>>> print(open('model-v3.csv').read())   # CSV, C-alpha atoms
chain,number,residue,atom,x,y,z
F,1,MET,CA,13.9,70.6,-11.9
F,2,ARG,CA,17.4,69.4,-12.8
F,3,LYS,CA,17.2,66.8,-15.5
F,4,HIS,CA,20.5,65.0,-14.8
F,5,ARG,CA,19.5,63.5,-11.4
F,6,THR,CA,19.8,59.7,-11.6
F,7,LEU,CA,18.3,56.8,-9.7
F,8,HIS,CA,20.3,55.2,-7.0
F,9,HIS,CA,21.3,51.6,-6.4
F,10,LEU,CA,19.3,49.2,-4.2
F,11,ALA,CA,22.1,49.2,-1.7
F,12,ARG,CA,21.5,52.9,-1.1
F,13,LEU,CA,17.8,52.2,-0.6
F,14,CYS,CA,18.6,49.5,1.9
F,15,ALA,CA,20.9,51.9,3.7
F,16,ALA,CA,18.1,54.4,3.8
F,17,ALA,CA,15.9,51.8,5.6
F,18,CYS,CA,18.5,51.6,8.3
F,19,LEU,CA,17.8,55.3,9.1
F,20,LEU,CA,14.3,54.4,10.3
F,21,PRO,CA,13.6,54.7,14.1
F,22,LEU,CA,13.9,51.4,16.0
F,23,ALA,CA,10.5,52.0,17.6
F,24,ALA,CA,7.6,53.5,15.7
F,25,GLN,CA,6.0,56.6,17.1
F,26,ALA,CA,2.4,57.6,17.1
F,27,GLY,CA,1.7,59.4,13.9
F,28,ASP,CA,4.6,57.8,12.0
F,29,TYR,CA,4.0,57.4,8.3
F,30,ALA,CA,3.5,54.1,6.6
F,31,VAL,CA,2.6,53.0,3.0
F,32,LYS,CA,-1.2,53.0,2.7
F,33,ALA,CA,-1.5,52.0,-0.9
F,34,THR,CA,0.5,51.5,-4.1
F,35,HIS,CA,-1.1,52.0,-7.5
F,36,ARG,CA,0.2,51.1,-10.9
F,37,ILE,CA,-0.7,54.1,-13.1
F,38,GLY,CA,1.3,53.2,-16.2
F,39,GLY,CA,1.7,55.4,-19.2
F,40,ASP,CA,4.7,56.5,-21.1
F,41,GLY,CA,7.1,59.3,-20.4
F,42,GLY,CA,9.1,60.7,-17.5
F,43,TRP,CA,7.6,62.9,-14.7
F,44,ASP,CA,8.2,66.0,-12.8
F,45,TYR,CA,6.2,67.7,-10.0
F,46,LEU,CA,3.0,66.5,-8.3
F,47,SER,CA,0.2,68.7,-7.0
F,48,CYS,CA,-2.9,67.9,-5.0
F,49,ASP,CA,-6.3,69.6,-5.0
F,50,PRO,CA,-7.4,69.2,-1.4
F,51,ALA,CA,-11.1,69.9,-2.2
F,52,SER,CA,-11.4,67.0,-4.6
F,53,GLY,CA,-8.5,64.9,-3.3
F,54,ARG,CA,-7.2,64.5,-6.9
F,55,VAL,CA,-3.5,64.3,-7.7
F,56,PHE,CA,-2.0,66.0,-10.7
F,57,ILE,CA,1.1,64.5,-12.2
F,58,ALA,CA,3.3,66.2,-14.8
F,59,ARG,CA,4.1,63.6,-17.5
F,60,GLY,CA,6.1,65.0,-20.3
F,61,ASP,CA,3.4,66.1,-22.8
F,62,ARG,CA,0.3,65.8,-20.6
F,63,VAL,CA,-0.9,66.0,-17.0
F,64,GLN,CA,-2.3,62.8,-15.5
F,65,VAL,CA,-5.1,63.3,-13.0
F,66,VAL,CA,-5.4,60.4,-10.5
F,67,ASP,CA,-7.7,59.4,-7.7
F,68,PRO,CA,-5.3,58.4,-5.0
F,69,ALA,CA,-7.9,56.3,-3.1
F,70,SER,CA,-8.4,53.9,-6.0
F,71,GLY,CA,-5.5,54.6,-8.2
F,72,ARG,CA,-7.9,55.3,-11.1
F,73,LEU,CA,-6.8,57.6,-13.9
F,74,LEU,CA,-9.6,60.2,-14.0
F,75,GLY,CA,-8.4,62.0,-17.0
F,76,GLU,CA,-5.5,63.7,-18.8
F,77,ILE,CA,-4.8,67.3,-19.7
F,78,ALA,CA,-3.2,67.2,-23.1
F,79,GLY,CA,-1.3,69.8,-25.1
F,80,THR,CA,1.2,70.6,-22.4
F,81,PRO,CA,4.6,69.9,-24.1
F,82,GLY,CA,7.4,69.7,-21.5
F,83,VAL,CA,5.1,70.2,-18.6
F,84,HIS,CA,6.8,70.6,-15.3
F,85,GLY,CA,4.1,71.3,-12.7
F,86,VAL,CA,0.6,72.4,-11.9
F,87,ALA,CA,-0.6,75.3,-9.7
F,88,ILE,CA,-4.1,75.0,-8.2
F,89,ALA,CA,-6.2,78.2,-8.0
F,90,ALA,CA,-9.0,76.5,-6.0
F,91,ASP,CA,-10.8,79.8,-5.2
F,92,LEU,CA,-11.2,80.4,-8.9
F,93,GLY,CA,-11.8,76.8,-9.9
F,94,LYS,CA,-8.8,76.7,-12.3
F,95,GLY,CA,-5.5,75.0,-12.7
F,96,TYR,CA,-2.3,76.2,-14.4
F,97,ALA,CA,0.3,73.9,-16.0
F,98,SER,CA,3.8,75.1,-16.9
F,99,ASN,CA,4.9,74.0,-20.4
F,100,GLY,CA,8.7,74.1,-20.7
F,101,ARG,CA,9.0,73.2,-24.3
F,102,ASP,CA,6.6,75.8,-25.9
F,103,GLN,CA,7.1,78.7,-23.4
F,104,SER,CA,3.5,78.7,-22.2
F,105,VAL,CA,1.1,78.0,-19.4
F,106,THR,CA,-2.1,76.0,-20.0
F,107,VAL,CA,-5.2,77.0,-18.1
F,108,PHE,CA,-7.8,74.4,-17.3
F,109,ASP,CA,-11.1,74.0,-15.4
F,110,LEU,CA,-10.5,72.1,-12.1
F,111,ALA,CA,-13.9,70.4,-12.2
F,112,SER,CA,-14.1,69.2,-15.8
F,113,LEU,CA,-10.4,69.2,-16.6
F,114,ARG,CA,-11.3,71.1,-19.8
F,115,THR,CA,-8.6,73.3,-21.3
F,116,LEU,CA,-9.6,76.9,-21.1
F,117,GLY,CA,-6.7,78.4,-23.0
F,118,LYS,CA,-3.0,79.0,-23.1
F,119,VAL,CA,-0.9,82.0,-21.9
F,120,ALA,CA,2.4,82.6,-23.6
F,121,THR,CA,5.4,83.5,-21.3
F,122,PRO,CA,6.9,86.3,-23.4
F,123,GLY,CA,10.7,86.2,-23.0
F,124,GLY,CA,10.3,83.5,-20.3
F,125,ASP,CA,12.3,80.5,-21.4
F,126,ASN,CA,11.4,77.1,-20.0
F,127,PRO,CA,8.6,77.7,-17.5
F,128,ASP,CA,9.3,75.2,-14.8
F,129,PHE,CA,7.9,75.4,-11.2
F,130,ILE,CA,4.6,77.2,-11.0
F,131,ALA,CA,2.8,78.6,-8.0
F,132,TYR,CA,-0.5,80.4,-7.2
F,133,ASP,CA,-0.8,83.3,-4.7
F,134,SER,CA,-4.4,83.5,-3.4
F,135,ALA,CA,-3.8,86.9,-1.8
F,136,THR,CA,-3.4,88.6,-5.2
F,137,HIS,CA,-5.0,86.0,-7.5
F,138,ARG,CA,-1.7,85.8,-9.4
F,139,VAL,CA,0.1,82.8,-10.9
F,140,PHE,CA,3.9,82.8,-11.0
F,141,ALA,CA,5.7,80.7,-13.6
F,142,PHE,CA,9.4,80.4,-12.8
F,143,ASN,CA,11.5,80.2,-16.0
F,144,GLY,CA,14.5,78.0,-15.6
F,145,ARG,CA,16.6,79.2,-18.5
F,146,SER,CA,15.8,82.9,-18.6
F,147,HIS,CA,16.2,83.2,-14.8
F,148,ASP,CA,13.0,85.1,-14.3
F,149,ALA,CA,9.3,84.7,-13.4
F,150,THR,CA,6.2,85.4,-15.5
F,151,VAL,CA,3.3,86.8,-13.5
F,152,ILE,CA,-0.2,86.0,-14.7
F,153,ASP,CA,-3.4,87.7,-13.4
F,154,ALA,CA,-5.6,84.6,-12.8
F,155,ALA,CA,-8.8,86.6,-13.1
F,156,THR,CA,-8.0,87.6,-16.7
F,157,ASP,CA,-5.3,85.0,-17.6
F,158,ARG,CA,-3.1,87.8,-18.9
F,159,VAL,CA,0.6,88.4,-18.2
F,160,VAL,CA,1.1,91.5,-16.0
F,161,ALA,CA,4.8,91.4,-15.3
F,162,THR,CA,8.1,89.6,-15.7
F,163,ILE,CA,10.5,89.6,-12.7
F,164,ALA,CA,14.2,89.2,-13.1
F,165,LEU,CA,15.6,86.8,-10.5
F,166,GLY,CA,19.4,86.9,-11.2
F,167,GLY,CA,19.7,83.1,-11.0
F,168,LYS,CA,18.0,79.8,-11.7
F,169,PRO,CA,14.7,79.5,-9.9
F,170,GLU,CA,13.5,76.1,-8.4
F,171,ALA,CA,10.6,75.7,-6.0
F,172,ALA,CA,8.3,78.5,-4.8
F,173,VAL,CA,5.7,79.1,-2.1
F,174,ALA,CA,3.2,81.8,-1.2
F,175,ASP,CA,2.5,82.9,2.4
F,176,GLY,CA,-1.1,84.0,1.7
F,177,ARG,CA,-0.2,87.6,2.7
F,178,GLY,CA,1.1,88.9,-0.5
F,179,HIS,CA,4.6,87.4,-0.5
F,180,VAL,CA,6.1,84.6,-2.7
F,181,PHE,CA,9.4,83.0,-1.9
F,182,VAL,CA,11.6,81.1,-4.4
F,183,ASP,CA,14.9,79.3,-4.0
F,184,ILE,CA,17.6,80.1,-6.5
F,185,GLU,CA,19.5,76.9,-7.2
F,186,ASP,CA,22.7,78.2,-8.7
F,187,ARG,CA,23.2,80.9,-6.0
F,188,ASN,CA,22.3,78.9,-2.9
F,189,SER,CA,19.8,81.7,-2.0
F,190,LEU,CA,16.2,82.6,-1.4
F,191,THR,CA,14.4,85.5,-3.1
F,192,ALA,CA,11.3,87.1,-1.6
F,193,ILE,CA,8.8,88.7,-4.1
F,194,ASP,CA,6.1,91.2,-3.3
F,195,SER,CA,3.3,89.6,-5.3
F,196,GLY,CA,1.2,92.8,-5.4
F,197,THR,CA,3.9,95.0,-7.0
F,198,ALA,CA,5.6,92.0,-8.8
F,199,ARG,CA,9.0,93.1,-7.5
F,200,VAL,CA,11.8,91.4,-5.6
F,201,SER,CA,11.7,92.7,-2.0
F,202,ALA,CA,14.7,90.7,-0.6
F,203,SER,CA,17.3,88.1,-1.4
F,204,TRP,CA,19.2,86.1,1.2
F,205,PRO,CA,22.0,83.5,1.1
F,206,VAL,CA,20.9,80.2,2.7
F,207,ALA,CA,23.7,79.3,5.2
F,208,GLY,CA,24.6,75.6,5.0
F,209,CYS,CA,22.6,74.9,1.8
F,210,ASP,CA,24.1,73.6,-1.4
F,211,GLU,CA,21.7,73.7,-4.5
F,212,PRO,CA,18.3,74.4,-2.9
F,213,ALA,CA,15.6,72.4,-4.5
F,214,GLY,CA,12.4,71.8,-2.5
F,215,LEU,CA,10.7,74.6,-0.6
F,216,ALA,CA,7.8,74.6,1.9
F,217,ILE,CA,6.4,77.2,4.3
F,218,ASP,CA,4.9,77.3,7.8
F,219,ALA,CA,2.9,80.5,7.1
F,220,ALA,CA,1.7,81.0,10.7
F,221,ALA,CA,5.3,80.8,12.1
F,222,HIS,CA,6.9,82.6,9.2
F,223,ARG,CA,9.3,79.8,8.6
F,224,LEU,CA,10.6,78.4,5.3
F,225,PHE,CA,11.9,74.8,4.8
F,226,VAL,CA,14.6,74.8,2.2
F,227,ALA,CA,15.5,71.2,1.0
F,228,CYS,CA,19.1,71.2,-0.3
F,229,HIS,CA,21.3,68.8,-2.3
F,230,ASN,CA,23.9,68.5,0.4
F,231,ARG,CA,21.4,66.4,2.4
F,232,ALA,CA,20.2,69.3,4.5
F,233,LEU,CA,16.8,70.8,5.3
F,234,VAL,CA,17.5,74.4,6.4
F,235,VAL,CA,14.7,76.2,8.3
F,236,VAL,CA,14.8,79.9,7.5
F,237,ASN,CA,13.1,82.9,9.1
F,238,ALA,CA,10.8,84.3,6.3
F,239,ASP,CA,11.1,87.8,7.7
F,240,SER,CA,14.8,88.1,8.0
F,241,GLY,CA,16.3,85.3,5.9
F,242,ALA,CA,18.2,84.0,8.9
F,243,ALA,CA,18.7,80.2,9.2
F,244,VAL,CA,17.4,79.0,12.5
F,245,ALA,CA,17.9,75.2,12.2
F,246,THR,CA,19.4,72.5,10.0
F,247,LEU,CA,18.2,68.9,9.8
F,248,PRO,CA,19.6,65.9,7.9
F,249,ILE,CA,17.6,64.5,5.0
F,250,GLY,CA,18.2,61.9,2.3
F,251,ASP,CA,20.0,62.2,-1.0
F,252,GLY,CA,18.6,63.6,-4.3
F,253,VAL,CA,15.8,65.9,-2.8
F,254,ASP,CA,13.5,67.7,-5.2
F,255,ALA,CA,10.3,68.6,-3.2
F,256,ALA,CA,9.1,69.6,0.2
F,257,ALA,CA,5.8,70.3,2.0
F,258,PHE,CA,4.5,71.4,5.4
F,259,ASP,CA,1.4,70.2,7.1
F,260,ALA,CA,0.2,73.0,9.4
F,261,GLN,CA,-2.2,70.8,11.4
F,262,SER,CA,0.3,68.1,12.3
F,263,GLN,CA,3.3,70.5,12.3
F,264,LEU,CA,5.3,68.2,10.1
F,265,ALA,CA,7.7,69.1,7.3
F,266,PHE,CA,8.4,66.6,4.5
F,267,SER,CA,11.1,66.3,1.9
F,268,SER,CA,11.2,63.6,-0.8
F,269,GLN,CA,14.4,62.2,-2.1
F,270,GLY,CA,15.5,60.2,-5.2
F,271,ASP,CA,17.3,57.7,-2.9
F,272,GLY,CA,13.9,56.3,-2.0
F,273,THR,CA,13.3,58.1,1.3
F,274,LEU,CA,10.8,60.6,2.7
F,275,SER,CA,12.3,62.7,5.5
F,276,ILE,CA,9.8,63.9,8.1
F,277,VAL,CA,10.6,66.7,10.5
F,278,LYS,CA,8.6,67.7,13.5
F,279,ALA,CA,8.2,71.4,14.4
F,280,GLU,CA,8.1,71.6,18.2
F,281,GLY,CA,7.8,75.3,18.7
F,282,GLY,CA,10.4,78.0,19.5
F,283,ASP,CA,12.6,77.1,16.5
F,284,ARG,CA,13.0,73.6,17.8
F,285,TYR,CA,12.9,70.9,15.2
F,286,ARG,CA,13.7,67.2,15.1
F,287,VAL,CA,13.7,64.4,12.5
F,288,GLN,CA,10.7,62.3,13.5
F,289,GLN,CA,11.1,59.6,10.8
F,290,THR,CA,12.8,58.6,7.6
F,291,ALA,CA,10.2,56.6,5.7
F,292,VAL,CA,11.2,54.3,2.8
F,293,THR,CA,9.4,55.0,-0.5
F,294,MET,CA,10.7,54.1,-4.0
F,295,ALA,CA,14.0,54.7,-5.6
F,296,GLY,CA,13.6,57.7,-7.9
F,297,ALA,CA,10.6,59.1,-5.9
F,298,ARG,CA,12.1,62.6,-5.8
F,299,THR,CA,8.9,64.7,-6.1
F,300,MET,CA,5.8,64.6,-3.9
F,301,ALA,CA,2.5,66.2,-3.0
F,302,LEU,CA,0.7,66.6,0.3
F,303,ASN,CA,-3.1,66.6,1.0
F,304,PRO,CA,-3.5,68.8,4.1
F,305,ARG,CA,-7.0,67.5,4.6
F,306,THR,CA,-6.2,63.8,4.8
F,307,HIS,CA,-2.5,64.3,5.7
F,308,GLU,CA,-1.6,61.8,3.0
F,309,VAL,CA,1.7,62.2,1.1
F,310,TYR,CA,2.0,61.1,-2.6
F,311,VAL,CA,5.1,60.1,-4.4
F,312,VAL,CA,5.7,58.5,-7.8
F,313,SER,CA,8.4,56.5,-9.5
F,314,ALA,CA,8.9,53.7,-12.0
F,315,GLU,CA,11.1,50.6,-12.7
F,316,PHE,CA,14.0,51.0,-15.1
F,317,GLY,CA,16.0,48.6,-17.3
F,318,ASP,CA,19.7,48.7,-18.0
F,319,ALA,CA,21.1,51.8,-19.8
F,320,PRO,CA,22.1,51.3,-23.4
F,321,ALA,CA,25.7,51.6,-24.5
F,322,ALA,CA,27.1,55.1,-24.5
F,323,THR,CA,27.7,56.8,-27.9
F,324,ALA,CA,29.4,60.0,-29.1
F,325,SER,CA,26.0,61.7,-29.3
F,326,GLN,CA,24.7,60.1,-26.1
F,327,PRO,CA,27.6,59.8,-23.7
F,328,ARG,CA,25.3,59.3,-20.7
F,329,PRO,CA,22.2,57.5,-22.0
F,330,ARG,CA,19.2,57.2,-19.8
F,331,ARG,CA,17.9,53.9,-18.5
F,332,PRO,CA,14.6,53.0,-20.2
F,333,MET,CA,11.4,52.9,-18.1
F,334,LYS,CA,9.8,49.5,-18.0
F,335,PRO,CA,6.4,49.6,-19.7
F,336,GLY,CA,3.5,50.0,-17.4
F,337,SER,CA,5.7,50.4,-14.3
F,338,PHE,CA,4.9,54.0,-13.4
F,339,THR,CA,3.6,53.9,-9.8
F,340,LEU,CA,1.8,56.1,-7.3
F,341,MET,CA,2.6,55.4,-3.6
F,342,VAL,CA,0.3,56.8,-0.9
F,343,LEU,CA,1.8,57.3,2.6
F,344,ALA,CA,-0.4,58.1,5.6
F,345,PRO,CA,0.1,58.5,9.3
F,346,LYS,CA,-0.5,55.3,11.3
F,347,ALA,CA,-3.4,55.3,13.8
F,348,ASP,CA,-2.3,56.0,17.4
>>> encode(input="model-v3.csv", output="structure tokens")
Amino acid sequence: MRKHRTLHHLARLCAAACLLPLAAQAGDYAVKATHRIGGDGGWDYLSCDPASGRVFIARGDRVQVVDPASGRLLGEIAGTPGVHGVAIAADLGKGYASNGRDQSVTVFDLASLRTLGKVATPGGDNPDFIAYDSATHRVFAFNGRSHDATVIDAATDRVVATIALGGKPEAAVADGRGHVFVDIEDRNSLTAIDSGTARVSASWPVAGCDEPAGLAIDAAAHRLFVACHNRALVVVNADSGAAVATLPIGDGVDAAAFDAQSQLAFSSQGDGTLSIVKAEGGDRYRVQQTAVTMAGARTMALNPRTHEVYVVSAEFGDAPAATASQPRPRRPMKPGSFTLMVLAPKAD
């Protein structure tokens, strides 16, 4: 994830609210609950384990594990310096956290949250986004600074390959059939990986996309949803790399998801919006809703069982005065303000 993204003013949040449909549709999303989680430190990606319903939140030097129904903090996975995200290997009962500051991946037990070990990413600098491919039982840690991916055999927790990507990787998804796709932020492109051979099988420019960030997949239709920083969600044919549709989204996107049952694609933006796109078949897509979340809620997770969407953000104070060593100082987070928001479809 890019670290220089900033929060937007309330005026932009109010402007985002004006994008909402005048009349609510059946299935539109609304805020179901808001929970103060608290805790120090910034955050990065969220993940959800559908079997347990728990949400995993990367929080700087640990992973917070939260029950979204009650907002209760169920536990923390410590010893994850610079953690960016968590991959869920549900079929193996394990989770994997990418640790950007010590070039490693932490392995933990999904049920007990007990740490099982650490896997170094040799040569892989700043493991950031992390994904699991159930077809090959392999974990892919995408290294932001070394522009490659470390491949870990989840059965043995050993590194089996390093894949050069030729650019800065951002989000990634697996199709369940032995392919992993990753967007390359600084090249405005998508790369397809054969997860069995651990080799790049294709690379495509994404027409109409500037700085791809979030990525989601409709595995049945072979369609990828690339969320871009020029406020565009580009739908791409996963077989050919051709763009088949482009939809408008909000500003400051960093995550995307697709719900196969409802045929809805989601992208979360730092301007405090959640863009929701309906797949209508035959490469026809429309923006169904722009829901208001929280300023700074740029990452998200989806529970495909409950169809709930989770976003997080916090309240911030005024930035301190700039100095020679800190020309662009960050705004301090207000203590105890870190918040989880749950959005769910309204009843028909």
>>> closest_residue(input="model-v3.csv", among="F:Ala238, F:Val206, F:Ile88, F:Ala155", to="Ala221 of chain F", atoms="only C-alpha atoms")
F:Ala238
>>> closest_residue(input="model-v3.csv", among="F:His84, F:Arg145, F:Lys346, F:Arg328", to="Ala164 of chain F", atoms="only C-alpha atoms")
F:Arg145
>>> atom_distance(input="model-v3.csv", atom1="atom CA of Ala242 of chain F", atom2="atom CA of Pro212 of chain F")
15.2 Å
>>> residues_around(input="model-v3.csv", residues="segment 115-129 of chain F", least_positions_apart="4", cutoff="9 Å", atoms="only C-alpha atoms", output="number ranges by chain")
F: 1, 45, 77-79, 82-87, 94, 98-109, 140-152, 157-159, 162, 169-172
>>> write_last_selection(input="model-v3.csv", atoms="C-alpha atoms", output="compact mmCIF listing (two decimals), keeping the file's coordinate frame")
# COMPACT_ATOMS: atom_id res chain seq x y z
CA MET F 1 13.90 70.60 -11.90
CA TYR F 45 6.20 67.70 -10.00
CA ILE F 77 -4.80 67.30 -19.70
CA ALA F 78 -3.20 67.20 -23.10
CA GLY F 79 -1.30 69.80 -25.10
CA GLY F 82 7.40 69.70 -21.50
CA VAL F 83 5.10 70.20 -18.60
CA HIS F 84 6.80 70.60 -15.30
CA GLY F 85 4.10 71.30 -12.70
CA VAL F 86 0.60 72.40 -11.90
CA ALA F 87 -0.60 75.30 -9.70
CA LYS F 94 -8.80 76.70 -12.30
CA SER F 98 3.80 75.10 -16.90
CA ASN F 99 4.90 74.00 -20.40
CA GLY F 100 8.70 74.10 -20.70
CA ARG F 101 9.00 73.20 -24.30
CA ASP F 102 6.60 75.80 -25.90
CA GLN F 103 7.10 78.70 -23.40
CA SER F 104 3.50 78.70 -22.20
CA VAL F 105 1.10 78.00 -19.40
CA THR F 106 -2.10 76.00 -20.00
CA VAL F 107 -5.20 77.00 -18.10
CA PHE F 108 -7.80 74.40 -17.30
CA ASP F 109 -11.10 74.00 -15.40
CA PHE F 140 3.90 82.80 -11.00
CA ALA F 141 5.70 80.70 -13.60
CA PHE F 142 9.40 80.40 -12.80
CA ASN F 143 11.50 80.20 -16.00
CA GLY F 144 14.50 78.00 -15.60
CA ARG F 145 16.60 79.20 -18.50
CA SER F 146 15.80 82.90 -18.60
CA HIS F 147 16.20 83.20 -14.80
CA ASP F 148 13.00 85.10 -14.30
CA ALA F 149 9.30 84.70 -13.40
CA THR F 150 6.20 85.40 -15.50
CA VAL F 151 3.30 86.80 -13.50
CA ILE F 152 -0.20 86.00 -14.70
CA ASP F 157 -5.30 85.00 -17.60
CA ARG F 158 -3.10 87.80 -18.90
CA VAL F 159 0.60 88.40 -18.20
CA THR F 162 8.10 89.60 -15.70
CA PRO F 169 14.70 79.50 -9.90
CA GLU F 170 13.50 76.10 -8.40
CA ALA F 171 10.60 75.70 -6.00
CA ALA F 172 8.30 78.50 -4.80
>>> residues_around(input="model-v3.csv", residues="Gly176 of chain F", least_positions_apart="2", cutoff="8 Å", atoms="only C-alpha atoms", output="list of chain:residue names")
F:Asp133, F:Ser134, F:Ala135, F:Ala174, F:Gly178, F:His179, F:Ala219
>>> atom_distance(input="model-v3.csv", atom1="atom CA of Val277 of chain F", atom2="atom CA of Ala344 of chain F")
14.8 Å
>>> residues_around(input="model-v3.csv", residues="Pro68 of chain F", least_positions_apart="2", cutoff="9 Å", atoms="all atoms listed in the file", output="VMD selection string")
chain F and resid 33 35 53 to 55 66 70 to 72 310 340 to 342
>>> residues_around(input="model-v3.csv", residues="Asp183 of chain F", least_positions_apart="2", cutoff="9 Å", atoms="only C-alpha atoms", output="ChimeraX atom specification")
/F:168-172,181,185,187-192,211-215,226
>>> closest_residue(input="model-v3.csv", among="F:Phe316, F:Thr156, F:Ala111, F:Glu308", to="Arg330 of chain F", atoms="only C-alpha atoms")
F:Phe316
